[in-house]
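S.K.: Mind having a look at this structure? Questions to follow.
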Amino acid sequence: MSDKQTIKHRGAKGEFHFAYDDLHQPADDGVDMKIHQELIVFIIWAISFVALSVALPNFFTEGNLISLLRSVSVLGILAIGMAIVVIGRGIDLAMVATMAVSVAGAIVLLQQGYSIPVALLAGFVFAVLVGTVSGILIAYVEIPALFATLAMGLFIYGVGRFGFFNQDIVLIPPEGGSLSWLGAGRVFGIPVSILFLLLFAGLVALFLRYARIGRFIHAIGDNPSTARITGLPVRKLYVLSYILSSTIAYCAGIITATGVGSMNTRIVNSTMLYDVILVVVIGGISLSGGKGGVRNVLVGTLLIGTLLNAMTIMDIQYTVQNVIKSMILLIAIIVDSLLNPRDEQTAQQGDI
Amino acid sequence: MTANTPNPGAAIGARKKSLASQLIRLRYDLIPDHLLGEILAKKWVENVAPFLFMVLTIALFGSLIDGFFAPSSIVNMVRQLGEFGLIVLAMMLVIGAGGIDLSVGSNFALANFVALATMHILGWPVWAALMATLAACAFVGLLNGFLVGLLRLRAFLTTLVTLIIVRAVVDMLLLRHAVSISAGFPDSLVWDFIAMGSVFGIPFSAIVLLVAALVIHVLLTRTRPGWRIMAVGGSRRSAHNSGISVRWTVFGTYVGAGVLVGMAGFMYAARLSSAGADAGMGLELAALTAAVLGGNALGGGRASSAKAIMGAITVLVVTNSVIRMGMPSGVGSIALGAVLLLAATLDVRFLKNRYKLLASVYVSPVVNELPPAPPTQAGSGSAYEVNDRLHDVELIGLGEIEAPEDVILDRNDNLYCGSRQGDIVRFLAPDYKKKEIFAHIGGQPLGLAFDRDDNLYVCVGGMGLYYITPEREVVKATDETNRTPFSINDDSRLRLADDLDIAPDGRVFFSEGTIRYEMHDWPVDSIEARGNGRILCYDPRDGSTKTVVRNIRFANGVCVSFDGKSVLYAETFGCTIKRYWIEGPKAGTVETIIGALPGHPDNINRASDGNYWLALVGMRTPAMDLAAEMPGFRRRMSRRVAQDEWIYPNINTGCVVKFDEEGNILEALWDQAGANHPMITSMREHKGSLFLGGLSNNRIGRYRLKDADPDWTSCDHYWGKK
């Protein structure tokens, strides 16, 4: 790609403008292996979908497919948020806690008689705040992302339990009934939540592929030090990516809560977070950053969503489900590390 | 140039008498500023913050909670500490090698289950149950080690997965066997002792913890596998490149962690006999917090038992106290999350800024009042008057040699010098055109001297005192001396052996420039002018090394006097020559020979006419003389200005002077144009010629002396003809 690469110097401000078409190529055509993983996952999904349709009597029914899509949509939206962070070589383990606590906070405000916009805005601001703090801890204090977000998740869950709600399940009051369209409504028979998934997918895909900042996040994930030397505002972009993941988590939370009329804060202690990571990794987004896009997330979402749905239909015990999911995640990590092996000479110290 | 400045000493002399300057001097003499930097440079400093944090936590909750210090409360807490401390030790071990183990919580639950199942249901003896428990947990460690160590997966996510899997397995097992566990009742005294027993009032679990901590401490600090763990954690890449089996080392830490967790879970099972599903819930976060809070570095390389236990105590006190104070739900999570963030922040920031902090406080100058410098300008009538006699010296080895600090000639007229590459280079007589590497030592060879048996003694900067036999064998004479009592810096190791001479009885007297700086930082010592140098004596008869004179402002050239009863030494940044008596009535005392030199003295060697040659490596400058009296100025400079911009003594222009036994200057040799030998660190007279060396030169000079004894050589003079 070097022959096409053009770097123009823009004015006295010292900004550099990359020719995005060139930077594009890895994500578009991909390293061959990436396409393969994505393709393989897609084929596995297609096969298992057909197999499940044949084998499970309740699987290929309109009601089940709608519920599959609905459950998939929230997972997918969360995974899209996670993908932004992971592509920037980070991880956000506070996503589910952010989602639960910010949405629960908004609902508590509704219960106390605040109007819908005020409550929603307050929850949104809380989510942005959480993302900002996580981002600052990671970008400026330089705490490893795993620890910072792990501790943040613990911390804000404590804040939620202490300050916002006492029960595990926070019910949306009747005044918030009009919101239920977000989670449970349909347009032309298609659940609104699915449309939201598509909306987010579209927006984030455009952002990651065509926005300058989106390309920068790819560049940072690929090699943070090079990105920094090149002059990218690495730290600010780290903060931004965590703010994005937090707000996307909030939106996913709103859709979840309005769909069932309540926010179950116990999901913080569930394995939902691992499902999200599972989707991201299995779709082919490397945890070492810089690779992949929204398409990978969608493929991963389809496969995992279908599997979860099938296991539920088959009435597999929750703990066994956990084992199965963990095994799949483990295999995904192993495959990821085989495709992108750790290089002892270039791996970062303390990168756990 | 320096040589042309009017007498700079006059102005300085006038200012010296003021009371203020006396007070300043007193302040810098009495307050030991240098100790702060030396303490900060110590490894144990990083334990101070965790320790204070632990004491503060105990004091805080001890005062808030009634009966916190009651014996029953303490014993109960210590018993829990025994179990929790083992988990933190396990976490520390894994973190130390650069990994992380999140599965400790569910592994703990597994241990609990296995212990209860074997004791309550199967009715095994305690030792068998213990073995089964440890084996089960070691197996989980094995799995982690295989995945993270051998397959090199990411530790965090992988152990997260094993956390879920093991937890799910334990839940399934409990579902099936919980009832029969509750029904069982093991009848074993040992089991009860593990649960509730004490030795001299110390709970059993605490003793286990203590033993485990000691064993791990010895492992990490005194054994090869432990060093490997720390090496892998400190720099995985370097460890890999130096041939350490990174994969198996990491593997080992996970297995070790598994066994430790198994022991903890076994004692927990004995104590509570509870088949509940909440055993070890969230334990991984508490252990992680404790490990990091104690000061074990995330990402590895900095870990110890003491750190782990300090962290364990702090976290246990916090979590226990939150429960005992009846805090509303959520506070525990807030506290743990906040403490984890705080600990990680402190850890990361400390690690990043420690060396910056150290660099800014380490340099601690003192008043260095120098007497007025004698004039050197032409026409002043001074013995130091500039001339150009060294302008036309013959050059030896031009461009073939780097950094010949000292030069010496043997009985066969061959010329030896050190080099920057750590070699002793020999130029062959008679024309010194042919060059060969006589021996390779390493370090930076500086001062040279032949002993009675023609061994070539070499002071090697960064290594110590070495000698090379005529058969070219390199032998270490000494690299350490007695440590100064109560010193904070360990000054027993030689950092910058500089120059040497050998007394008639064979004792080697040699100088060490500074004990506070490494070889390459020697110019920084001039900013301090604290008197960090020393003269040491190595006695080849019994192999002992002793420090004989301390507090020298950069000890440099050393020369045994003609009568063999005293040693002359140069104080580079004190601009003086002093005499240390080694024999006679004044033995052990020091007296000043030359109190005021116009420059910074380097090597001293004997001349054929009963006098001494002295190299002045650079001339004093009025600005540096002034700065020398203003330690505050130099300190501010060292903190605020980049090191390259500091004011340093001039070491670029100097001369060679000859002085007599009383310290009178007889003559001076200059290279005024600075073409060949502006910087001279040493000179050696040999058969009517003076050979000149310089630390930053790429040549050796040969100056033919007009009225010197043409047969005089230092070897014959010192040890007699052979």
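Simple scheme: letters A, B, ... for chains in structure tokens order, numbers from 1 for residues in each chain, numbers from 1 for ligands in the order shown.
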Just want the 6 Å neighbourhood of stretch 397-403 of chain B, counted on only C-alpha atoms, with same-chain residues fewer than 2 positions away dropped. Output as a list of chain:residue names.
M.R.: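 Contacts, with the query itself left out: B:Glu405, B:Ser419, B:Arg420, B:Leu695, B:Ser696, B:Asn697, B:Asn698, B:Arg699.
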S.K.: For the selection you just gave me, I'd like the residues written to a file as a PDB file, in the first residue's frame, keeping N, CA, C and O atoms.
M.R.:
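What landed in out.pdb:
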```pdb
ATOM      1  N   GLU B 405      43.065   6.435  29.435  1.00  0.00           N
ATOM      2  CA  GLU B 405      43.103   7.306  30.612  1.00  0.00           C
ATOM      3  C   GLU B 405      44.490   7.331  31.225  1.00  0.00           C
ATOM      4  O   GLU B 405      44.969   8.360  31.619  1.00  0.00           O
ATOM      5  N   SER B 419      41.355   1.102  27.280  1.00  0.00           N
ATOM      6  CA  SER B 419      40.522   1.642  26.214  1.00  0.00           C
ATOM      7  C   SER B 419      39.066   1.594  26.653  1.00  0.00           C
ATOM      8  O   SER B 419      38.698   0.867  27.582  1.00  0.00           O
ATOM      9  N   ARG B 420      38.277   2.357  25.950  1.00  0.00           N
ATOM     10  CA  ARG B 420      36.858   2.439  26.267  1.00  0.00           C
ATOM     11  C   ARG B 420      36.178   1.080  26.122  1.00  0.00           C
ATOM     12  O   ARG B 420      35.160   0.806  26.741  1.00  0.00           O
ATOM     13  N   LEU B 695      41.484  10.845  28.917  1.00  0.00           N
ATOM     14  CA  LEU B 695      40.269  10.034  28.949  1.00  0.00           C
ATOM     15  C   LEU B 695      39.418  10.233  27.710  1.00  0.00           C
ATOM     16  O   LEU B 695      38.726   9.332  27.269  1.00  0.00           O
ATOM     17  N   SER B 696      39.446  11.440  27.124  1.00  0.00           N
ATOM     18  CA  SER B 696      38.613  11.635  25.933  1.00  0.00           C
ATOM     19  C   SER B 696      39.470  11.765  24.678  1.00  0.00           C
ATOM     20  O   SER B 696      39.014  12.264  23.670  1.00  0.00           O
ATOM     21  N   ASN B 697      40.704  11.299  24.752  1.00  0.00           N
ATOM     22  CA  ASN B 697      41.583  11.404  23.582  1.00  0.00           C
ATOM     23  C   ASN B 697      41.557  10.132  22.739  1.00  0.00           C
ATOM     24  O   ASN B 697      41.229   9.059  23.243  1.00  0.00           O
ATOM     25  N   ASN B 698      41.957  10.267  21.503  1.00  0.00           N
ATOM     26  CA  ASN B 698      42.080   9.108  20.621  1.00  0.00           C
ATOM     27  C   ASN B 698      43.535   8.908  20.222  1.00  0.00           C
ATOM     28  O   ASN B 698      43.837   8.474  19.134  1.00  0.00           O
ATOM     29  N   ARG B 699      44.441   9.264  21.133  1.00  0.00           N
ATOM     30  CA  ARG B 699      45.866   9.199  20.820  1.00  0.00           C
ATOM     31  C   ARG B 699      46.642   9.188  22.127  1.00  0.00           C
ATOM     32  O   ARG B 699      46.092   9.504  23.185  1.00  0.00           O
TER      33      ARG B 699
END
```
S.K.: Which residue out of B:Ser544, B:Asn611, B:Gln377, B:Thr162 has the minimum interatomic distance to chain A when only C-alpha atoms are used?
M.R.: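 The answer is B:Thr162, which sits nearest to chain A.
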S.K.: Report as a CSV table (one decimal) with N, CA, C and O atoms, in the first residue's frame: the residues of stretch 546-701 of chain B with a DSSP assignment of strand (DSSP E), based on the backbone of this structure.
M.R.:
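The result, stored in selection-v5.csv:
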```csv
chain,number,residue,atom,x,y,z
B,546,LYS,N,40.8,-2.6,52.6
B,546,LYS,CA,40.3,-1.7,53.6
B,546,LYS,C,40.2,-0.3,53.1
B,546,LYS,O,41.0,0.1,52.3
B,547,THR,N,39.3,0.5,53.6
B,547,THR,CA,39.2,1.9,53.3
B,547,THR,C,40.1,2.6,54.3
B,547,THR,O,39.9,2.5,55.5
B,548,VAL,N,41.0,3.4,53.7
B,548,VAL,CA,41.9,4.1,54.6
B,548,VAL,C,41.6,5.6,54.8
B,548,VAL,O,41.8,6.2,55.8
B,549,VAL,N,41.2,6.3,53.7
B,549,VAL,CA,40.8,7.7,53.8
B,549,VAL,C,39.4,7.8,53.2
B,549,VAL,O,39.2,7.3,52.1
B,550,ARG,N,38.5,8.5,53.9
B,550,ARG,CA,37.2,8.8,53.3
B,550,ARG,C,37.0,10.2,53.0
B,550,ARG,O,37.8,11.1,53.3
B,551,ASN,N,35.8,10.6,52.5
B,551,ASN,CA,35.4,11.9,52.3
B,551,ASN,C,36.3,12.8,51.5
B,551,ASN,O,36.7,13.9,51.9
B,552,ILE,N,36.7,12.3,50.4
B,552,ILE,CA,37.6,13.0,49.5
B,552,ILE,C,36.8,13.5,48.3
B,552,ILE,O,35.9,12.8,47.8
B,555,ALA,N,38.4,11.4,44.7
B,555,ALA,CA,39.8,10.9,44.8
B,555,ALA,C,40.3,10.4,43.4
B,555,ALA,O,39.5,9.7,42.7
B,556,ASN,N,41.4,10.9,43.0
B,556,ASN,CA,41.9,10.5,41.7
B,556,ASN,C,43.3,10.0,41.7
B,556,ASN,O,43.5,8.8,42.1
B,557,GLY,N,44.3,10.8,41.3
B,557,GLY,CA,45.6,10.2,41.1
B,557,GLY,C,46.2,9.7,42.5
B,557,GLY,O,45.9,10.3,43.5
B,558,VAL,N,46.9,8.7,42.4
B,558,VAL,CA,47.6,8.1,43.6
B,558,VAL,C,49.1,7.9,43.2
B,558,VAL,O,49.4,7.3,42.2
B,559,CYS,N,50.0,8.2,44.1
B,559,CYS,CA,51.4,8.0,43.9
B,559,CYS,C,52.1,7.8,45.2
B,559,CYS,O,52.0,8.6,46.2
B,560,VAL,N,52.8,6.7,45.3
B,560,VAL,CA,53.6,6.4,46.6
B,560,VAL,C,54.9,7.3,46.5
B,560,VAL,O,55.5,7.4,45.5
B,566,SER,N,54.7,7.4,52.5
B,566,SER,CA,53.4,8.1,52.3
B,566,SER,C,52.9,7.9,50.9
B,566,SER,O,53.6,7.5,50.0
B,567,VAL,N,51.6,8.2,50.8
B,567,VAL,CA,50.9,8.1,49.5
B,567,VAL,C,50.4,9.5,49.2
B,567,VAL,O,49.7,10.1,50.0
B,568,LEU,N,50.7,10.0,48.0
B,568,LEU,CA,50.1,11.3,47.6
B,568,LEU,C,48.9,11.0,46.8
B,568,LEU,O,48.8,10.1,46.0
B,569,TYR,N,47.8,11.8,47.1
B,569,TYR,CA,46.6,11.6,46.2
B,569,TYR,C,46.0,13.0,45.8
B,569,TYR,O,46.2,14.0,46.5
B,570,ALA,N,45.4,12.9,44.7
B,570,ALA,CA,44.8,14.1,44.2
B,570,ALA,C,43.3,14.2,44.5
B,570,ALA,O,42.6,13.2,44.4
B,571,GLU,N,42.8,15.4,44.8
B,571,GLU,CA,41.4,15.6,45.1
B,571,GLU,C,40.9,16.4,44.0
B,571,GLU,O,41.0,17.6,44.0
B,576,THR,N,43.2,20.0,45.3
B,576,THR,CA,44.3,19.9,46.2
B,576,THR,C,45.1,18.6,46.0
B,576,THR,O,44.5,17.6,45.4
B,577,ILE,N,46.3,18.6,46.5
B,577,ILE,CA,47.1,17.3,46.6
B,577,ILE,C,47.4,17.1,48.0
B,577,ILE,O,47.8,18.0,48.8
B,578,LYS,N,47.1,15.9,48.5
B,578,LYS,CA,47.3,15.6,49.9
B,578,LYS,C,48.2,14.4,50.1
B,578,LYS,O,48.4,13.6,49.1
B,579,ARG,N,48.7,14.2,51.3
B,579,ARG,CA,49.6,13.2,51.6
B,579,ARG,C,49.0,12.3,52.7
B,579,ARG,O,48.6,12.9,53.7
B,580,TYR,N,49.0,11.0,52.5
B,580,TYR,CA,48.5,10.1,53.5
B,580,TYR,C,49.7,9.3,54.0
B,580,TYR,O,50.3,8.6,53.2
B,581,TRP,N,50.0,9.4,55.3
B,581,TRP,CA,51.2,8.7,55.8
B,581,TRP,C,50.8,7.2,56.0
B,581,TRP,O,49.9,6.9,56.7
B,590,VAL,N,46.6,12.6,57.5
B,590,VAL,CA,46.6,13.2,56.2
B,590,VAL,C,47.1,14.7,56.3
B,590,VAL,O,46.7,15.4,57.3
B,591,GLU,N,47.9,15.1,55.4
B,591,GLU,CA,48.3,16.5,55.4
B,591,GLU,C,48.2,17.0,53.9
B,591,GLU,O,48.3,16.3,53.0
B,592,THR,N,48.0,18.3,53.8
B,592,THR,CA,47.9,18.9,52.5
B,592,THR,C,49.2,19.3,52.0
B,592,THR,O,50.0,20.0,52.7
B,593,ILE,N,49.5,18.9,50.7
B,593,ILE,CA,50.8,19.3,50.1
B,593,ILE,C,50.6,20.6,49.2
B,593,ILE,O,51.3,21.5,49.4
B,594,ILE,N,49.6,20.5,48.3
B,594,ILE,CA,49.3,21.7,47.5
B,594,ILE,C,47.8,22.0,47.9
B,594,ILE,O,46.9,21.2,47.6
B,599,GLY,N,43.7,24.2,38.7
B,599,GLY,CA,42.9,23.3,37.9
B,599,GLY,C,42.5,22.1,38.7
B,599,GLY,O,42.8,22.0,39.9
B,600,HIS,N,41.9,21.1,38.0
B,600,HIS,CA,41.5,19.9,38.7
B,600,HIS,C,42.5,18.8,38.5
B,600,HIS,O,42.7,18.3,37.4
B,601,PRO,N,43.1,18.3,39.5
B,601,PRO,CA,44.2,17.4,39.4
B,601,PRO,C,43.8,16.0,39.0
B,601,PRO,O,42.7,15.6,39.5
B,602,ASP,N,44.5,15.3,38.2
B,602,ASP,CA,44.2,13.9,37.9
B,602,ASP,C,45.4,13.1,38.4
B,602,ASP,O,45.8,13.1,39.5
B,603,ASN,N,46.0,12.3,37.5
B,603,ASN,CA,47.0,11.3,38.0
B,603,ASN,C,48.3,12.0,38.4
B,603,ASN,O,48.7,13.1,37.9
B,604,ILE,N,49.0,11.3,39.3
B,604,ILE,CA,50.3,11.8,39.8
B,604,ILE,C,51.3,10.6,39.6
B,604,ILE,O,50.9,9.5,39.8
B,605,ASN,N,52.5,11.0,39.0
B,605,ASN,CA,53.5,9.9,38.9
B,605,ASN,C,54.8,10.5,39.2
B,605,ASN,O,55.0,11.7,39.2
B,606,ARG,N,55.8,9.6,39.4
B,606,ARG,CA,57.1,10.0,39.7
B,606,ARG,C,57.9,10.5,38.5
B,606,ARG,O,57.7,10.0,37.4
B,612,TYR,N,57.6,15.1,41.2
B,612,TYR,CA,56.4,14.4,40.7
B,612,TYR,C,55.7,15.1,39.6
B,612,TYR,O,55.7,16.3,39.5
B,613,TRP,N,55.2,14.3,38.6
B,613,TRP,CA,54.4,14.8,37.6
B,613,TRP,C,53.0,14.8,38.0
B,613,TRP,O,52.5,13.9,38.6
B,614,LEU,N,52.2,15.8,37.6
B,614,LEU,CA,50.8,15.9,37.9
B,614,LEU,C,50.1,16.4,36.7
B,614,LEU,O,50.4,17.4,36.1
B,615,ALA,N,49.0,15.7,36.3
B,615,ALA,CA,48.2,16.1,35.2
B,615,ALA,C,47.0,16.9,35.8
B,615,ALA,O,46.4,16.5,36.7
B,616,LEU,N,46.8,18.1,35.2
B,616,LEU,CA,45.6,18.8,35.5
B,616,LEU,C,44.6,18.6,34.4
B,616,LEU,O,44.8,19.0,33.2
B,617,VAL,N,43.5,17.9,34.7
B,617,VAL,CA,42.6,17.5,33.6
B,617,VAL,C,41.9,18.7,33.0
B,617,VAL,O,41.5,18.7,31.9
B,618,GLY,N,41.6,19.7,33.9
B,618,GLY,CA,41.0,20.9,33.4
B,618,GLY,C,41.3,22.0,34.3
B,618,GLY,O,41.8,21.8,35.4
B,619,MET,N,41.1,23.2,33.8
B,619,MET,CA,41.4,24.4,34.7
B,619,MET,C,40.1,24.9,35.4
B,619,MET,O,39.0,24.7,34.9
B,655,CYS,N,46.9,20.9,31.7
B,655,CYS,CA,48.3,20.9,31.5
B,655,CYS,C,49.0,19.8,32.4
B,655,CYS,O,48.3,19.1,33.1
B,656,VAL,N,50.3,19.7,32.2
B,656,VAL,CA,51.0,18.9,33.1
B,656,VAL,C,52.0,19.8,33.9
B,656,VAL,O,52.6,20.7,33.4
B,657,VAL,N,52.0,19.5,35.2
B,657,VAL,CA,52.9,20.3,36.0
B,657,VAL,C,53.9,19.3,36.8
B,657,VAL,O,53.5,18.2,37.0
B,658,LYS,N,55.0,19.9,37.2
B,658,LYS,CA,55.9,19.1,38.0
B,658,LYS,C,56.0,19.8,39.4
B,658,LYS,O,56.1,21.0,39.5
B,659,PHE,N,55.9,19.0,40.5
B,659,PHE,CA,56.0,19.6,41.8
B,659,PHE,C,57.0,18.7,42.6
B,659,PHE,O,57.2,17.6,42.4
B,665,ILE,N,55.6,24.2,42.9
B,665,ILE,CA,55.4,23.9,41.4
B,665,ILE,C,56.7,24.3,40.7
B,665,ILE,O,57.2,25.4,40.9
B,666,LEU,N,57.3,23.4,39.9
B,666,LEU,CA,58.5,23.6,39.3
B,666,LEU,C,58.4,24.0,37.9
B,666,LEU,O,59.1,24.9,37.4
B,667,GLU,N,57.5,23.4,37.2
B,667,GLU,CA,57.3,23.8,35.8
B,667,GLU,C,56.0,23.3,35.3
B,667,GLU,O,55.3,22.5,35.9
B,668,ALA,N,55.5,23.9,34.2
B,668,ALA,CA,54.2,23.5,33.6
B,668,ALA,C,54.4,23.3,32.1
B,668,ALA,O,55.1,24.0,31.4
B,669,LEU,N,53.7,22.3,31.6
B,669,LEU,CA,53.7,22.0,30.2
B,669,LEU,C,52.3,22.2,29.6
B,669,LEU,O,51.4,21.6,30.1
B,670,TRP,N,52.1,23.0,28.6
B,670,TRP,CA,50.8,23.3,28.1
B,670,TRP,C,50.7,23.0,26.6
B,670,TRP,O,51.7,23.1,25.9
B,682,SER,N,46.8,11.8,32.4
B,682,SER,CA,47.9,11.1,32.9
B,682,SER,C,49.2,11.3,32.1
B,682,SER,O,49.1,11.7,30.9
B,683,MET,N,50.3,11.1,32.8
B,683,MET,CA,51.6,11.2,32.0
B,683,MET,C,52.5,10.2,32.7
B,683,MET,O,52.4,10.0,33.9
B,684,ARG,N,53.4,9.6,31.9
B,684,ARG,CA,54.4,8.7,32.5
B,684,ARG,C,55.7,8.9,31.9
B,684,ARG,O,55.9,9.0,30.7
B,685,GLU,N,56.7,9.1,32.8
B,685,GLU,CA,58.1,9.4,32.3
B,685,GLU,C,58.8,8.1,32.1
B,685,GLU,O,58.7,7.1,32.9
B,686,HIS,N,59.5,7.9,30.9
B,686,HIS,CA,60.1,6.7,30.6
B,686,HIS,C,61.3,7.0,29.7
B,686,HIS,O,61.1,7.5,28.6
B,689,SER,N,61.4,10.4,28.0
B,689,SER,CA,60.2,10.9,27.3
B,689,SER,C,59.0,10.9,28.3
B,689,SER,O,59.0,10.1,29.3
B,690,LEU,N,58.1,11.8,28.0
B,690,LEU,CA,56.9,11.8,28.8
B,690,LEU,C,55.7,11.4,28.0
B,690,LEU,O,55.5,12.0,26.9
B,691,PHE,N,55.1,10.3,28.4
B,691,PHE,CA,54.0,9.8,27.6
B,691,PHE,C,52.7,10.3,28.2
B,691,PHE,O,52.5,10.3,29.4
B,692,LEU,N,51.8,10.8,27.3
B,692,LEU,CA,50.6,11.5,27.8
B,692,LEU,C,49.3,10.7,27.4
B,692,LEU,O,49.1,10.3,26.3
B,693,GLY,N,48.4,10.6,28.4
B,693,GLY,CA,47.1,9.9,28.1
B,693,GLY,C,46.0,10.9,28.4
B,693,GLY,O,46.2,11.8,29.2
B,700,ILE,N,47.9,8.8,22.0
B,700,ILE,CA,48.8,9.0,23.2
B,700,ILE,C,49.9,9.9,22.7
B,700,ILE,O,50.4,9.8,21.5
B,701,GLY,N,50.3,10.8,23.6
B,701,GLY,CA,51.4,11.8,23.2
B,701,GLY,C,52.7,11.3,23.7
B,701,GLY,O,52.8,10.7,24.7
```
S.K.: Contacts from chain A to chain B, 7 Å maximum, only C-alpha atoms: show me the residue list as a list in words.
M.R.: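 My answer is Val141, Glu142, Ile143, Ala148, Ala151, Met152, Leu154, Phe155, Gly158, Val159, Arg161, Phe162, Thr319, Val320, Asn322, Val323, Ser326, Leu330, Ile334, Ser337, Glu344, Gln345, Gln349, Gly350, Asp351 and Ile352 of chain A.
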S.K.: Report as JSON, numbers by chain: the residues of stretch 111-325 of chain A with a DSSP assignment of alpha helix (DSSP H), based on the backbone of this structure.
M.R.: {"A": [111, 116, 117, 118, 119, 120, 121, 122, 123, 124, 125, 126, 127, 128, 129, 130, 131, 132, 133, 134, 135, 136, 137, 138, 139, 145, 146, 147, 148, 149, 150, 151, 152, 153, 154, 155, 156, 157, 158, 159, 180, 181, 182, 183, 184, 192, 193, 194, 195, 196, 197, 198, 199, 200, 201, 202, 203, 204, 205, 206, 207, 208, 209, 210, 212, 213, 214, 215, 216, 217, 218, 219, 220, 221, 222, 224, 225, 226, 227, 228, 229, 230, 234, 235, 236, 237, 238, 239, 240, 241, 242, 243, 244, 245, 246, 247, 248, 249, 250, 251, 252, 253, 254, 255, 256, 257, 258, 259, 260, 272, 273, 274, 275, 276, 277, 278, 279, 280, 281, 282, 294, 295, 296, 297, 298, 299, 300, 301, 302, 303, 304, 305, 306, 307, 308, 309, 310, 311, 312, 313, 318, 319, 320, 321, 322, 323, 324, 325]}
S.K.: Nearest to B:Arg25: which of B:Val366, B:Val45, B:Ala675, B:Leu40 is it, counting only C-alpha atoms?
M.R.: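 The closest residue to B:Arg25 is B:Val366.
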S.K.: So what do you get for atom CA of B:Leu446 versus atom CA of B:Asp498, distance-wise?
M.R.: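 The value is 5.7 Å.
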S.K.: To one decimal in Å, tell me the separation between atom CA of B:Ala529 and atom CA of B:Gly418.
M.R.: 26.8 Å
S.K.: Write out as a PyMOL selection string each polymer residue whose atoms come within 8 Å of stretch 59-76 of chain A, counting only C-alpha atoms; drop sequence neighbours fewer than 6 positions from it.
M.R.: chain A and resi 52-53+191+193-194+196-197+252-253+255-256+275-276+279+297-298+301-302+305-306+309-310+313
S.K.: Take atom CA of B:Asp501 and atom CA of B:Arg530 and report the distance between them in Å, one decimal.
M.R.: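 Atom-to-atom, atom CA of B:Asp501 and atom CA of B:Arg530 are spaced 24.6 Å apart.
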